[in-house]
Amino acid sequence: MKTDIEIAQEAVLKPITEVAEQLQISEDELELYGKYKAKISDEFMDKIKDNEDGKLILVTAINPTPAGEGKTTTSVGLGQAFGKLGKKAVIALREPSLGPCFGVKGGAAGGGYAQVVPMEDLNLHFTGDFHAITSANNLLAAMLDNHIQQGNELGIDTRAVVWKRCLDMNDRSLRNIVVGLGAKTDGFVREDHFVITVASEIMAVLCLASDMKDLKERLGKMVVAYNYKGEPVTASDLKAVGAMAALLKDALKPNLIQTLEHTPAIVHGGPFANIAHGCNSVRATKTALKMADYVITEAGFGADLGAEKFFDIKCRMAGLKPDAVVLVATVRALKYNGGVAKADLGQENLEALKKGIVNLEKHIENLQKYEVPVVVTLNSFITDTENEINFVKQFCEERNCDFAISEVWEKGGEGGIALAKKVLSTLENKESHFKVLYGDELSLKEKIATVAREIYGACGVNYTSAAEKQLKKLEELSFGNLPVCMAKTQYSLSDDPSLLGRPSDFQINVREAYVSAGAGFVVVLTGTVMTMPGLPKQPAAFNIDVNDDGVITGLF
């Protein structure tokens, strides 16, 4: 079987100008990055702003397992299948981070015959958006430390600096550092920290901003530190907004590429869902809705993280109303949740399937709380048996979910036609009455408790004394009306990655909370989730290379 990168490199791509023509975008309305990548111009987005919106379809999944679920693969294959059916569809995805590409997770271009291409470009530097975000983040950090060094007119308490530097790489050694060592002219000595770029508030701001004016307003609101009176100091106070916006000018524009079957794909922004809000940019999604009859987008990791944040943060802020949700599962992953070892997942095991399917059941229940129709799809593996597939199908239909098999990894768009037809039928026959899970008026603790209880299934929430003080202070500073962005392990519905299936009688442990005032939410850290990941003992970087002809190998 060919690897994903071999399939991608053998594909015959169309010039991006031809892909754009499918969407009535002229070459003059593109900003080209070579033959196969382009940014969509502000002029084109302004031209189509009054077009009627298409249907918005969210693709999400059960909790990820080592067996793999194929969420992005399903998103891409579903878009290709709509094309096979003669439907005008656009896929709207997140950009990959270099951290997992060189770490353990790999890239984010889909897989098999359901990929967005050029795969190597997308997974590596793409159009430079992440580098621009990294530069803007670290410019602000430099201006903050320079302000302190040059007299500290704002009275910044160096023990209360909350802005962190960032890097788009997994590097555990940078989680906790000391800056300012050396001579007096080298700055004030203080503890500092790095986060991965996808966890930077600037990533969230870029993904939630509607235009340059909104971007600059959001950048200005970002809290970087507190002064000696305990009052927030912002990026605007440091006079950093204009320079950051200049670095982000091009990164604000959505990127256009294609799938293996030349379906248009807008790929823009990339916050992780376990430590950030997990959705591609509002600009990309809204632009796609103006260009196509059907827009397939996705949210990171499982529905307990990505879908919850898509609904309660992105849709709340942007006024989006999803029309349907596709929930991806695999027989292998459900059996893994039922206690089967990874090596034994290819054997039929109905007992383990019955035990592990409670994870899928909880995600179905969660999505139905938002009153959006749900279609469950099984991402097909050759080891799946008829008995196992029929069991899952009946289980879903008994819970008022449509069901379809997806074979897009093996067959591309052709393998997604059954799913596409089921989604079209759902859109025609079931109306979405989308609503968010909680209201703005609840306290921060009430919002946290609502997500913990309703989405995770927790029986309560524990707070460290530091988190208690932080939440109290945030409400005193008038941030209590914001939604919460829960940072939690992706591997379990709980904050303990070892608790598979559908845990019960557990409590969520909140250790820290801080405001992302520019993004417009309060980040709540639970369990041991890290905002700067580390590399594994055998990182994927070991296998990545480039030959004498410039051909990259080893990406997946």
# chains A, B, ... in the order shown; residues from 1 in each chain; ligands from 1
call {"tool": "select_by_dssp", "arguments": {"residues": "region 312-343 of chain A", "states": "alpha helix (DSSP H)", "output": "PyMOL selection string"}}
result
chain A and resi 316-318+331-337
call {"tool": "closest_atom_pairs", "arguments": {"of": "region 242-284 of chain A", "to": "region 299-312 of chain A", "cutoff": "12 Å", "atoms": "only C-alpha atoms", "output": "JSON lines"}}
result
{"residue": "A:Gly269", "atom": "CA", "partner": "A:Ala299", "partner_atom": "CA", "distance": 11.8}
{"residue": "A:Gly270", "atom": "CA", "partner": "A:Gly300", "partner_atom": "CA", "distance": 9.2}
{"residue": "A:Pro271", "atom": "CA", "partner": "A:Gly300", "partner_atom": "CA", "distance": 8.4}
{"residue": "A:Phe272", "atom": "CA", "partner": "A:Gly300", "partner_atom": "CA", "distance": 6.4}
{"residue": "A:Ala273", "atom": "CA", "partner": "A:Gly300", "partner_atom": "CA", "distance": 5.0}
{"residue": "A:Asn274", "atom": "CA", "partner": "A:Leu305", "partner_atom": "CA", "distance": 6.4}
{"residue": "A:Ile275", "atom": "CA", "partner": "A:Leu305", "partner_atom": "CA", "distance": 9.3}
{"residue": "A:Ala276", "atom": "CA", "partner": "A:Lys309", "partner_atom": "CA", "distance": 8.9}
{"residue": "A:His277", "atom": "CA", "partner": "A:Lys309", "partner_atom": "CA", "distance": 5.6}
{"residue": "A:Gly278", "atom": "CA", "partner": "A:Gly300", "partner_atom": "CA", "distance": 4.9}
{"residue": "A:Cys279", "atom": "CA", "partner": "A:Ala299", "partner_atom": "CA", "distance": 5.1}
{"residue": "A:Asn280", "atom": "CA", "partner": "A:Ala299", "partner_atom": "CA", "distance": 7.7}
{"residue": "A:Ser281", "atom": "CA", "partner": "A:Phe310", "partner_atom": "CA", "distance": 10.7}
{"residue": "A:Val282", "atom": "CA", "partner": "A:Phe310", "partner_atom": "CA", "distance": 10.4}
call {"tool": "write_last_selection", "arguments": {"atoms": "N, CA, C and O atoms", "output": "CSV table (one decimal), in the first residue's frame"}}
result
chain,number,residue,atom,x,y,z
A,269,GLY,N,-5.6,29.2,9.5
A,269,GLY,CA,-5.6,29.2,11.0
A,269,GLY,C,-5.4,27.8,11.5
A,269,GLY,O,-5.7,26.9,10.9
A,270,GLY,N,-5.0,27.7,12.8
A,270,GLY,CA,-4.8,26.4,13.3
A,270,GLY,C,-4.7,26.2,14.8
A,270,GLY,O,-3.7,25.6,15.3
A,271,PRO,N,-5.6,26.8,15.6
A,271,PRO,CA,-5.5,26.5,17.1
A,271,PRO,C,-5.8,25.1,17.4
A,271,PRO,O,-6.7,24.5,16.9
A,272,PHE,N,-5.0,24.5,18.3
A,272,PHE,CA,-5.3,23.1,18.8
A,272,PHE,C,-6.6,23.2,19.6
A,272,PHE,O,-6.9,24.2,20.2
A,273,ALA,N,-7.3,22.1,19.7
A,273,ALA,CA,-8.5,22.0,20.4
A,273,ALA,C,-8.3,21.6,21.9
A,273,ALA,O,-9.1,21.9,22.7
A,274,ASN,N,-7.2,20.9,22.2
A,274,ASN,CA,-6.9,20.5,23.6
A,274,ASN,C,-6.4,21.7,24.4
A,274,ASN,O,-6.6,21.8,25.6
A,275,ILE,N,-5.7,22.7,23.8
A,275,ILE,CA,-5.1,23.8,24.5
A,275,ILE,C,-5.6,25.1,24.0
A,275,ILE,O,-5.2,26.2,24.5
A,276,ALA,N,-6.4,25.1,23.0
A,276,ALA,CA,-6.9,26.4,22.4
A,276,ALA,C,-8.3,26.1,21.9
A,276,ALA,O,-9.0,25.1,22.3
A,277,HIS,N,-8.9,26.9,20.9
A,277,HIS,CA,-10.3,26.8,20.6
A,277,HIS,C,-10.5,25.9,19.4
A,277,HIS,O,-11.7,25.6,19.0
A,278,GLY,N,-9.5,25.4,18.7
A,278,GLY,CA,-9.7,24.2,17.8
A,278,GLY,C,-10.4,24.4,16.5
A,278,GLY,O,-10.8,23.4,15.9
A,279,CYS,N,-10.6,25.6,16.0
A,279,CYS,CA,-11.3,25.8,14.8
A,279,CYS,C,-10.5,26.6,13.8
A,279,CYS,O,-9.7,27.5,14.2
A,280,ASN,N,-10.8,26.4,12.5
A,280,ASN,CA,-10.2,27.3,11.5
A,280,ASN,C,-10.8,28.7,11.6
A,280,ASN,O,-11.6,29.0,12.4
A,281,SER,N,-10.3,29.6,10.8
A,281,SER,CA,-10.7,31.0,10.9
A,281,SER,C,-12.1,31.3,10.6
A,281,SER,O,-12.7,30.7,9.7
A,282,VAL,N,-12.7,32.3,11.3
A,282,VAL,CA,-14.0,32.7,10.9
A,282,VAL,C,-14.1,33.3,9.5
A,282,VAL,O,-15.0,33.0,8.7
call {"tool": "residues_around", "arguments": {"residues": "Glu261 (chain A)", "least_positions_apart": "2", "cutoff": "10 Å", "atoms": "only C-alpha atoms", "output": "ChimeraX atom specification"}}
result
/A:11-14,76-77,79-81,83-84,113-117,258-259,263-264,412-413
call {"tool": "closest_residue", "arguments": {"among": "A:Lys447, A:Arg172, A:His147, A:Lys37", "to": "Val224 (chain A)", "atoms": "only C-alpha atoms"}}
result
A:His147
call {"tool": "closest_residue", "arguments": {"among": "A:Val179, A:Ile257, A:Ala352, A:Ala142", "to": "Tyr36 (chain A)", "atoms": "only C-alpha atoms"}}
result
A:Ile257
call {"tool": "residues_around", "arguments": {"residues": "Ala141 (chain A)", "least_positions_apart": "4", "cutoff": "9 Å", "atoms": "only C-alpha atoms", "output": "number ranges by chain"}}
result
A: 136-137, 145-146, 163-165, 224
call {"tool": "select_by_dssp", "arguments": {"residues": "region 229-342 of chain A", "states": "strand (DSSP E)", "output": "mmCIF file with all heavy atoms, in the first residue's frame"}}
result
data_model
loop_
_atom_site.group_PDB
_atom_site.id
_atom_site.type_symbol
_atom_site.label_atom_id
_atom_site.label_comp_id
_atom_site.auth_asym_id
_atom_site.auth_seq_id
_atom_site.Cartn_x
_atom_site.Cartn_y
_atom_site.Cartn_z
ATOM 1 N N PRO A 232 -4.974 45.368 34.655
ATOM 2 C CA PRO A 232 -4.398 44.778 33.446
ATOM 3 C C PRO A 232 -3.653 45.798 32.593
ATOM 4 O O PRO A 232 -4.074 46.952 32.473
ATOM 5 C CB PRO A 232 -5.608 44.211 32.705
ATOM 6 C CG PRO A 232 -6.800 44.918 33.258
ATOM 7 C CD PRO A 232 -6.455 45.320 34.650
ATOM 8 N N VAL A 233 -2.550 45.373 32.017
ATOM 9 C CA VAL A 233 -1.791 46.150 31.034
ATOM 10 C C VAL A 233 -1.957 45.438 29.699
ATOM 11 O O VAL A 233 -1.762 44.222 29.602
ATOM 12 C CB VAL A 233 -0.301 46.229 31.411
ATOM 13 C CG1 VAL A 233 0.484 46.979 30.338
ATOM 14 C CG2 VAL A 233 -0.129 46.885 32.773
ATOM 15 N N THR A 234 -2.309 46.162 28.647
ATOM 16 C CA THR A 234 -2.640 45.555 27.363
ATOM 17 C C THR A 234 -1.587 45.854 26.295
ATOM 18 O O THR A 234 -0.724 46.722 26.469
ATOM 19 C CB THR A 234 -3.998 46.072 26.859
ATOM 20 O OG1 THR A 234 -3.877 47.479 26.586
ATOM 21 C CG2 THR A 234 -5.092 45.832 27.893
ATOM 22 N N ASN A 255 -6.246 30.963 2.792
ATOM 23 C CA ASN A 255 -5.453 30.271 1.774
ATOM 24 C C ASN A 255 -6.321 29.300 0.982
ATOM 25 O O ASN A 255 -7.154 28.594 1.563
ATOM 26 C CB ASN A 255 -4.328 29.476 2.442
ATOM 27 C CG ASN A 255 -3.491 30.321 3.371
ATOM 28 O OD1 ASN A 255 -2.825 31.248 2.955
ATOM 29 N ND2 ASN A 255 -3.549 30.022 4.668
ATOM 30 N N LEU A 256 -6.094 29.249 -0.310
ATOM 31 C CA LEU A 256 -6.835 28.341 -1.189
ATOM 32 C C LEU A 256 -5.892 27.293 -1.769
ATOM 33 O O LEU A 256 -4.863 27.630 -2.367
ATOM 34 C CB LEU A 256 -7.491 29.125 -2.329
ATOM 35 C CG LEU A 256 -8.293 28.298 -3.351
ATOM 36 C CD1 LEU A 256 -9.538 27.694 -2.702
ATOM 37 C CD2 LEU A 256 -8.682 29.156 -4.551
ATOM 38 N N ILE A 257 -6.236 26.006 -1.579
ATOM 39 C CA ILE A 257 -5.538 24.919 -2.247
ATOM 40 C C ILE A 257 -6.589 23.955 -2.789
ATOM 41 O O ILE A 257 -7.741 24.345 -2.975
ATOM 42 C CB ILE A 257 -4.509 24.219 -1.329
ATOM 43 C CG1 ILE A 257 -5.142 23.779 -0.004
ATOM 44 C CG2 ILE A 257 -3.308 25.107 -1.083
ATOM 45 C CD1 ILE A 257 -4.185 22.959 0.871
ATOM 46 N N GLN A 258 -6.233 22.701 -3.049
ATOM 47 C CA GLN A 258 -7.171 21.751 -3.655
ATOM 48 C C GLN A 258 -6.996 20.375 -3.045
ATOM 49 O O GLN A 258 -6.000 20.093 -2.374
ATOM 50 C CB GLN A 258 -6.928 21.668 -5.161
ATOM 51 C CG GLN A 258 -5.545 21.139 -5.534
ATOM 52 C CD GLN A 258 -5.216 21.292 -6.991
ATOM 53 O OE1 GLN A 258 -5.785 20.610 -7.836
ATOM 54 N NE2 GLN A 258 -4.296 22.204 -7.304
ATOM 55 N N THR A 259 -7.980 19.507 -3.280
ATOM 56 C CA THR A 259 -7.853 18.109 -2.884
ATOM 57 C C THR A 259 -7.268 17.318 -4.046
ATOM 58 O O THR A 259 -7.037 17.846 -5.138
ATOM 59 C CB THR A 259 -9.218 17.504 -2.513
ATOM 60 O OG1 THR A 259 -9.989 17.322 -3.712
ATOM 61 C CG2 THR A 259 -9.987 18.407 -1.552
ATOM 62 N N PRO A 264 -12.065 22.534 -4.198
ATOM 63 C CA PRO A 264 -11.434 23.678 -3.523
ATOM 64 C C PRO A 264 -11.404 23.482 -2.005
ATOM 65 O O PRO A 264 -12.369 23.016 -1.404
ATOM 66 C CB PRO A 264 -12.331 24.858 -3.902
ATOM 67 C CG PRO A 264 -13.103 24.407 -5.107
ATOM 68 C CD PRO A 264 -13.264 22.933 -4.954
ATOM 69 N N ALA A 265 -10.276 23.845 -1.414
ATOM 70 C CA ALA A 265 -10.122 23.754 0.040
ATOM 71 C C ALA A 265 -9.529 25.060 0.557
ATOM 72 O O ALA A 265 -8.483 25.497 0.076
ATOM 73 C CB ALA A 265 -9.231 22.583 0.416
ATOM 74 N N ILE A 266 -10.221 25.676 1.499
ATOM 75 C CA ILE A 266 -9.700 26.878 2.162
ATOM 76 C C ILE A 266 -9.101 26.425 3.490
ATOM 77 O O ILE A 266 -9.799 25.868 4.338
ATOM 78 C CB ILE A 266 -10.809 27.919 2.384
ATOM 79 C CG1 ILE A 266 -11.392 28.367 1.043
ATOM 80 C CG2 ILE A 266 -10.257 29.123 3.134
ATOM 81 C CD1 ILE A 266 -12.506 29.373 1.168
ATOM 82 N N VAL A 267 -7.806 26.643 3.645
ATOM 83 C CA VAL A 267 -7.085 26.170 4.829
ATOM 84 C C VAL A 267 -6.470 27.386 5.512
ATOM 85 O O VAL A 267 -5.579 28.029 4.964
ATOM 86 C CB VAL A 267 -6.004 25.148 4.439
ATOM 87 C CG1 VAL A 267 -5.349 24.577 5.685
ATOM 88 C CG2 VAL A 267 -6.589 24.030 3.584
ATOM 89 N N TYR A 294 -22.383 24.036 -0.214
ATOM 90 C CA TYR A 294 -22.108 23.187 0.943
ATOM 91 C C TYR A 294 -20.677 23.446 1.409
ATOM 92 O O TYR A 294 -19.742 23.424 0.606
ATOM 93 C CB TYR A 294 -22.275 21.702 0.598
ATOM 94 C CG TYR A 294 -23.655 21.377 0.097
ATOM 95 C CD1 TYR A 294 -23.920 21.352 -1.278
ATOM 96 C CD2 TYR A 294 -24.696 21.117 0.981
ATOM 97 C CE1 TYR A 294 -25.197 21.073 -1.755
ATOM 98 C CE2 TYR A 294 -25.979 20.836 0.512
ATOM 99 C CZ TYR A 294 -26.221 20.817 -0.854
ATOM 100 O OH TYR A 294 -27.493 20.551 -1.316
ATOM 101 N N VAL A 295 -20.517 23.690 2.702
ATOM 102 C CA VAL A 295 -19.194 23.911 3.289
ATOM 103 C C VAL A 295 -18.968 22.844 4.354
ATOM 104 O O VAL A 295 -19.761 22.700 5.283
ATOM 105 C CB VAL A 295 -19.082 25.316 3.909
ATOM 106 C CG1 VAL A 295 -17.762 25.467 4.656
ATOM 107 C CG2 VAL A 295 -19.212 26.382 2.828
ATOM 108 N N ILE A 296 -17.880 22.101 4.179
ATOM 109 C CA ILE A 296 -17.509 21.064 5.141
ATOM 110 C C ILE A 296 -16.334 21.590 5.942
ATOM 111 O O ILE A 296 -15.266 21.869 5.392
ATOM 112 C CB ILE A 296 -17.126 19.746 4.442
ATOM 113 C CG1 ILE A 296 -18.297 19.207 3.623
ATOM 114 C CG2 ILE A 296 -16.693 18.707 5.472
ATOM 115 C CD1 ILE A 296 -18.197 19.495 2.154
ATOM 116 N N THR A 297 -16.516 21.753 7.238
ATOM 117 C CA THR A 297 -15.442 22.208 8.107
ATOM 118 C C THR A 297 -15.263 21.200 9.227
ATOM 119 O O THR A 297 -16.052 20.255 9.364
ATOM 120 C CB THR A 297 -15.722 23.612 8.657
ATOM 121 O OG1 THR A 297 -14.544 24.135 9.290
ATOM 122 C CG2 THR A 297 -16.872 23.622 9.664
ATOM 123 N N GLU A 298 -14.209 21.350 10.010
ATOM 124 C CA GLU A 298 -13.979 20.407 11.100
ATOM 125 C C GLU A 298 -13.505 21.142 12.336
ATOM 126 O O GLU A 298 -13.085 22.301 12.274
ATOM 127 C CB GLU A 298 -12.939 19.350 10.695
ATOM 128 C CG GLU A 298 -11.538 19.892 10.537
ATOM 129 C CD GLU A 298 -10.487 18.796 10.387
ATOM 130 O OE1 GLU A 298 -10.822 17.697 9.913
ATOM 131 O OE2 GLU A 298 -9.336 19.047 10.760
ATOM 132 N N ALA A 324 -25.690 20.704 10.061
ATOM 133 C CA ALA A 324 -25.583 19.277 10.366
ATOM 134 C C ALA A 324 -24.191 18.999 10.922
ATOM 135 O O ALA A 324 -23.254 19.772 10.712
ATOM 136 C CB ALA A 324 -25.819 18.430 9.115
ATOM 137 N N VAL A 325 -24.080 17.883 11.642
ATOM 138 C CA VAL A 325 -22.797 17.437 12.196
ATOM 139 C C VAL A 325 -22.542 16.004 11.733
ATOM 140 O O VAL A 325 -23.438 15.159 11.810
ATOM 141 C CB VAL A 325 -22.782 17.473 13.733
ATOM 142 C CG1 VAL A 325 -21.446 16.984 14.270
ATOM 143 C CG2 VAL A 325 -23.064 18.864 14.245
ATOM 144 N N VAL A 326 -21.329 15.759 11.246
ATOM 145 C CA VAL A 326 -20.897 14.398 10.943
ATOM 146 C C VAL A 326 -19.949 13.969 12.061
ATOM 147 O O VAL A 326 -18.939 14.618 12.317
ATOM 148 C CB VAL A 326 -20.184 14.326 9.577
ATOM 149 C CG1 VAL A 326 -19.617 12.924 9.348
ATOM 150 C CG2 VAL A 326 -21.147 14.706 8.453
ATOM 151 N N LEU A 327 -20.292 12.872 12.733
ATOM 152 C CA LEU A 327 -19.517 12.356 13.854
ATOM 153 C C LEU A 327 -18.764 11.106 13.394
ATOM 154 O O LEU A 327 -19.377 10.092 13.039
ATOM 155 C CB LEU A 327 -20.441 12.034 15.030
ATOM 156 C CG LEU A 327 -19.831 11.413 16.282
ATOM 157 C CD1 LEU A 327 -18.727 12.286 16.857
ATOM 158 C CD2 LEU A 327 -20.918 11.164 17.332
ATOM 159 N N VAL A 328 -17.435 11.189 13.385
ATOM 160 C CA VAL A 328 -16.596 10.114 12.846
ATOM 161 C C VAL A 328 -16.186 9.153 13.958
ATOM 162 O O VAL A 328 -15.751 9.576 15.036
ATOM 163 C CB VAL A 328 -15.334 10.695 12.170
ATOM 164 C CG1 VAL A 328 -14.473 9.566 11.585
ATOM 165 C CG2 VAL A 328 -15.709 11.698 11.081
ATOM 166 N N ALA A 329 -16.313 7.872 13.667
ATOM 167 C CA ALA A 329 -15.841 6.830 14.579
ATOM 168 C C ALA A 329 -15.248 5.706 13.745
ATOM 169 O O ALA A 329 -15.410 5.665 12.523
ATOM 170 C CB ALA A 329 -16.987 6.307 15.438
#
call {"tool": "closest_residue", "arguments": {"among": "A:Thr464, A:Asn170, A:Ser210, A:Asn547", "to": "Val198 (chain A)", "atoms": "only C-alpha atoms"}}
result
A:Asn170
call {"tool": "closest_residue", "arguments": {"among": "A:Met169, A:Leu30, A:Val374, A:Ala466", "to": "Ser425 (chain A)", "atoms": "only C-alpha atoms"}}
result
A:Val374
call {"tool": "residues_around", "arguments": {"residues": "Pro254 (chain A)", "least_positions_apart": "2", "cutoff": "6 Å", "atoms": "only C-alpha atoms", "output": "PDB file with C-alpha atoms, in the first residue's frame"}}
result
ATOM      1  CA  LYS A  39      -4.440  33.696  -0.781  1.00  0.00           C
ATOM      2  CA  ILE A  40      -7.903  35.050  -1.473  1.00  0.00           C
ATOM      3  CA  HIS A 268      -6.548  28.955   7.340  1.00  0.00           C
ATOM      4  CA  ALA A 284     -12.280  31.246   5.976  1.00  0.00           C
TER       5      ALA A 284
END
call {"tool": "closest_residue", "arguments": {"among": "A:Ile148, A:Cys207, A:Val523, A:Val161", "to": "Gly480 (chain A)", "atoms": "only C-alpha atoms"}}
result
A:Val523
call {"tool": "closest_residue", "arguments": {"among": "A:Lys286, A:Lys472, A:Arg175, A:His131", "to": "Gly534 (chain A)", "atoms": "only C-alpha atoms"}}
result
A:Arg175
call {"tool": "residues_around", "arguments": {"residues": "Lys2 (chain A)", "least_positions_apart": "5", "cutoff": "12 Å", "atoms": "only C-alpha atoms", "output": "number ranges by chain"}}
result
A: 7-10, 111-113, 409-410, 556
call {"tool": "residues_around", "arguments": {"residues": "Ala458 (chain A)", "least_positions_apart": "5", "cutoff": "6 Å", "atoms": "only C-alpha atoms", "output": "PyMOL selection string"}}
result
chain A and resi 452-453+506-507
call {"tool": "closest_atom_pairs", "arguments": {"of": "region 459-518 of chain A", "to": "region 437-442 of chain A", "cutoff": "12 Å", "atoms": "only C-alpha atoms", "output": "Markdown table"}}
result
| residue | atom | partner | partner_atom | distance |
| --- | --- | --- | --- | --- |
| A:Glu475 | CA | A:Leu442 | CA | 11.0 |
| A:Ser478 | CA | A:Glu441 | CA | 11.7 |
| A:Phe479 | CA | A:Asp440 | CA | 10.5 |
| A:Gly480 | CA | A:Leu442 | CA | 7.9 |
| A:Asn481 | CA | A:Asp440 | CA | 5.1 |
| A:Leu482 | CA | A:Asp440 | CA | 6.3 |
| A:Pro483 | CA | A:Asp440 | CA | 6.7 |
| A:Val484 | CA | A:Asp440 | CA | 9.9 |
call {"tool": "write_last_selection", "arguments": {"atoms": "N, CA and C atoms", "output": "compact mmCIF listing (two decimals), in the first residue's frame"}}
result
# COMPACT_ATOMS: atom_id res chain seq x y z
N GLU A 475 -13.47 37.92 37.23
CA GLU A 475 -14.84 38.45 37.32
C GLU A 475 -14.84 39.87 37.86
N SER A 478 -14.35 42.31 35.17
CA SER A 478 -15.46 42.34 34.19
C SER A 478 -15.25 41.39 33.01
N PHE A 479 -14.51 40.28 33.24
CA PHE A 479 -14.36 39.27 32.20
C PHE A 479 -15.31 38.09 32.41
N GLY A 480 -16.18 38.18 33.38
CA GLY A 480 -17.06 37.06 33.72
C GLY A 480 -18.10 36.74 32.67
N ASN A 481 -18.37 37.67 31.76
CA ASN A 481 -19.38 37.43 30.73
C ASN A 481 -18.84 36.65 29.53
N LEU A 482 -17.55 36.35 29.52
CA LEU A 482 -16.93 35.66 28.38
C LEU A 482 -17.18 34.16 28.44
N PRO A 483 -17.19 33.47 27.28
CA PRO A 483 -17.24 32.01 27.28
C PRO A 483 -15.94 31.43 27.79
N VAL A 484 -15.96 30.14 28.13
CA VAL A 484 -14.76 29.49 28.63
C VAL A 484 -14.18 28.57 27.55
call {"tool": "closest_atom_pairs", "arguments": {"of": "region 192-264 of chain A", "to": "region 151-154 of chain A", "cutoff": "9 Å", "atoms": "only C-alpha atoms", "output": "CSV"}}
result
residue,atom,partner,partner_atom,distance
A:Asn227,CA,A:Leu154,CA,7.0
A:Val233,CA,A:Leu154,CA,7.7
A:Asp237,CA,A:Leu154,CA,8.1
A:Leu238,CA,A:Leu154,CA,8.6
call {"tool": "write_last_selection", "arguments": {"atoms": "C-alpha atoms", "output": "PDB file, in the first residue's frame"}}
result
ATOM      1  CA  ASN A 227       0.636  46.602  37.167  1.00  0.00           C
ATOM      2  CA  VAL A 233      -1.791  46.150  31.034  1.00  0.00           C
ATOM      3  CA  ASP A 237      -0.861  50.252  26.324  1.00  0.00           C
ATOM      4  CA  LEU A 238       2.512  49.107  24.963  1.00  0.00           C
TER       5      LEU A 238
END
call {"tool": "decode", "arguments": {"residues": "region 446-457 of chain A", "atoms": "N, CA, C and O atoms", "output": "PDB file, in the first residue's frame"}}
result
ATOM      1  N   GLU A 446     -19.951  28.714  36.864  1.00  0.00           N
ATOM      2  CA  GLU A 446     -21.156  28.055  36.361  1.00  0.00           C
ATOM      3  C   GLU A 446     -20.946  27.558  34.936  1.00  0.00           C
ATOM      4  O   GLU A 446     -21.426  26.477  34.565  1.00  0.00           O
ATOM      5  N   LYS A 447     -20.217  28.327  34.131  1.00  0.00           N
ATOM      6  CA  LYS A 447     -19.924  27.888  32.759  1.00  0.00           C
ATOM      7  C   LYS A 447     -19.021  26.664  32.762  1.00  0.00           C
ATOM      8  O   LYS A 447     -19.245  25.707  32.015  1.00  0.00           O
ATOM      9  N   ILE A 448     -17.993  26.703  33.604  1.00  0.00           N
ATOM     10  CA  ILE A 448     -17.087  25.560  33.718  1.00  0.00           C
ATOM     11  C   ILE A 448     -17.859  24.325  34.175  1.00  0.00           C
ATOM     12  O   ILE A 448     -17.704  23.228  33.614  1.00  0.00           O
ATOM     13  N   ALA A 449     -18.704  24.498  35.169  1.00  0.00           N
ATOM     14  CA  ALA A 449     -19.484  23.372  35.704  1.00  0.00           C
ATOM     15  C   ALA A 449     -20.438  22.818  34.653  1.00  0.00           C
ATOM     16  O   ALA A 449     -20.646  21.594  34.573  1.00  0.00           O
ATOM     17  N   THR A 450     -21.010  23.698  33.834  1.00  0.00           N
ATOM     18  CA  THR A 450     -21.939  23.256  32.791  1.00  0.00           C
ATOM     19  C   THR A 450     -21.227  22.385  31.770  1.00  0.00           C
ATOM     20  O   THR A 450     -21.715  21.305  31.397  1.00  0.00           O
ATOM     21  N   VAL A 451     -20.063  22.830  31.295  1.00  0.00           N
ATOM     22  CA  VAL A 451     -19.306  22.032  30.327  1.00  0.00           C
ATOM     23  C   VAL A 451     -18.857  20.718  30.965  1.00  0.00           C
ATOM     24  O   VAL A 451     -18.967  19.643  30.360  1.00  0.00           O
ATOM     25  N   ALA A 452     -18.357  20.790  32.195  1.00  0.00           N
ATOM     26  CA  ALA A 452     -17.873  19.591  32.886  1.00  0.00           C
ATOM     27  C   ALA A 452     -18.994  18.568  33.068  1.00  0.00           C
ATOM     28  O   ALA A 452     -18.803  17.364  32.860  1.00  0.00           O
ATOM     29  N   ARG A 453     -20.165  19.052  33.448  1.00  0.00           N
ATOM     30  CA  ARG A 453     -21.293  18.154  33.715  1.00  0.00           C
ATOM     31  C   ARG A 453     -21.944  17.656  32.419  1.00  0.00           C
ATOM     32  O   ARG A 453     -22.130  16.449  32.213  1.00  0.00           O
ATOM     33  N   GLU A 454     -22.288  18.589  31.537  1.00  0.00           N
ATOM     34  CA  GLU A 454     -23.080  18.242  30.352  1.00  0.00           C
ATOM     35  C   GLU A 454     -22.254  17.567  29.261  1.00  0.00           C
ATOM     36  O   GLU A 454     -22.750  16.679  28.565  1.00  0.00           O
ATOM     37  N   ILE A 455     -21.019  18.002  29.069  1.00  0.00           N
ATOM     38  CA  ILE A 455     -20.206  17.487  27.968  1.00  0.00           C
ATOM     39  C   ILE A 455     -19.273  16.368  28.421  1.00  0.00           C
ATOM     40  O   ILE A 455     -19.186  15.318  27.784  1.00  0.00           O
ATOM     41  N   TYR A 456     -18.584  16.554  29.538  1.00  0.00           N
ATOM     42  CA  TYR A 456     -17.636  15.533  29.986  1.00  0.00           C
ATOM     43  C   TYR A 456     -18.308  14.426  30.799  1.00  0.00           C
ATOM     44  O   TYR A 456     -17.793  13.321  30.875  1.00  0.00           O
ATOM     45  N   GLY A 457     -19.441  14.757  31.434  1.00  0.00           N
ATOM     46  CA  GLY A 457     -20.100  13.776  32.297  1.00  0.00           C
ATOM     47  C   GLY A 457     -19.551  13.751  33.702  1.00  0.00           C
ATOM     48  O   GLY A 457     -19.722  12.772  34.441  1.00  0.00           O
TER      49      GLY A 457
END
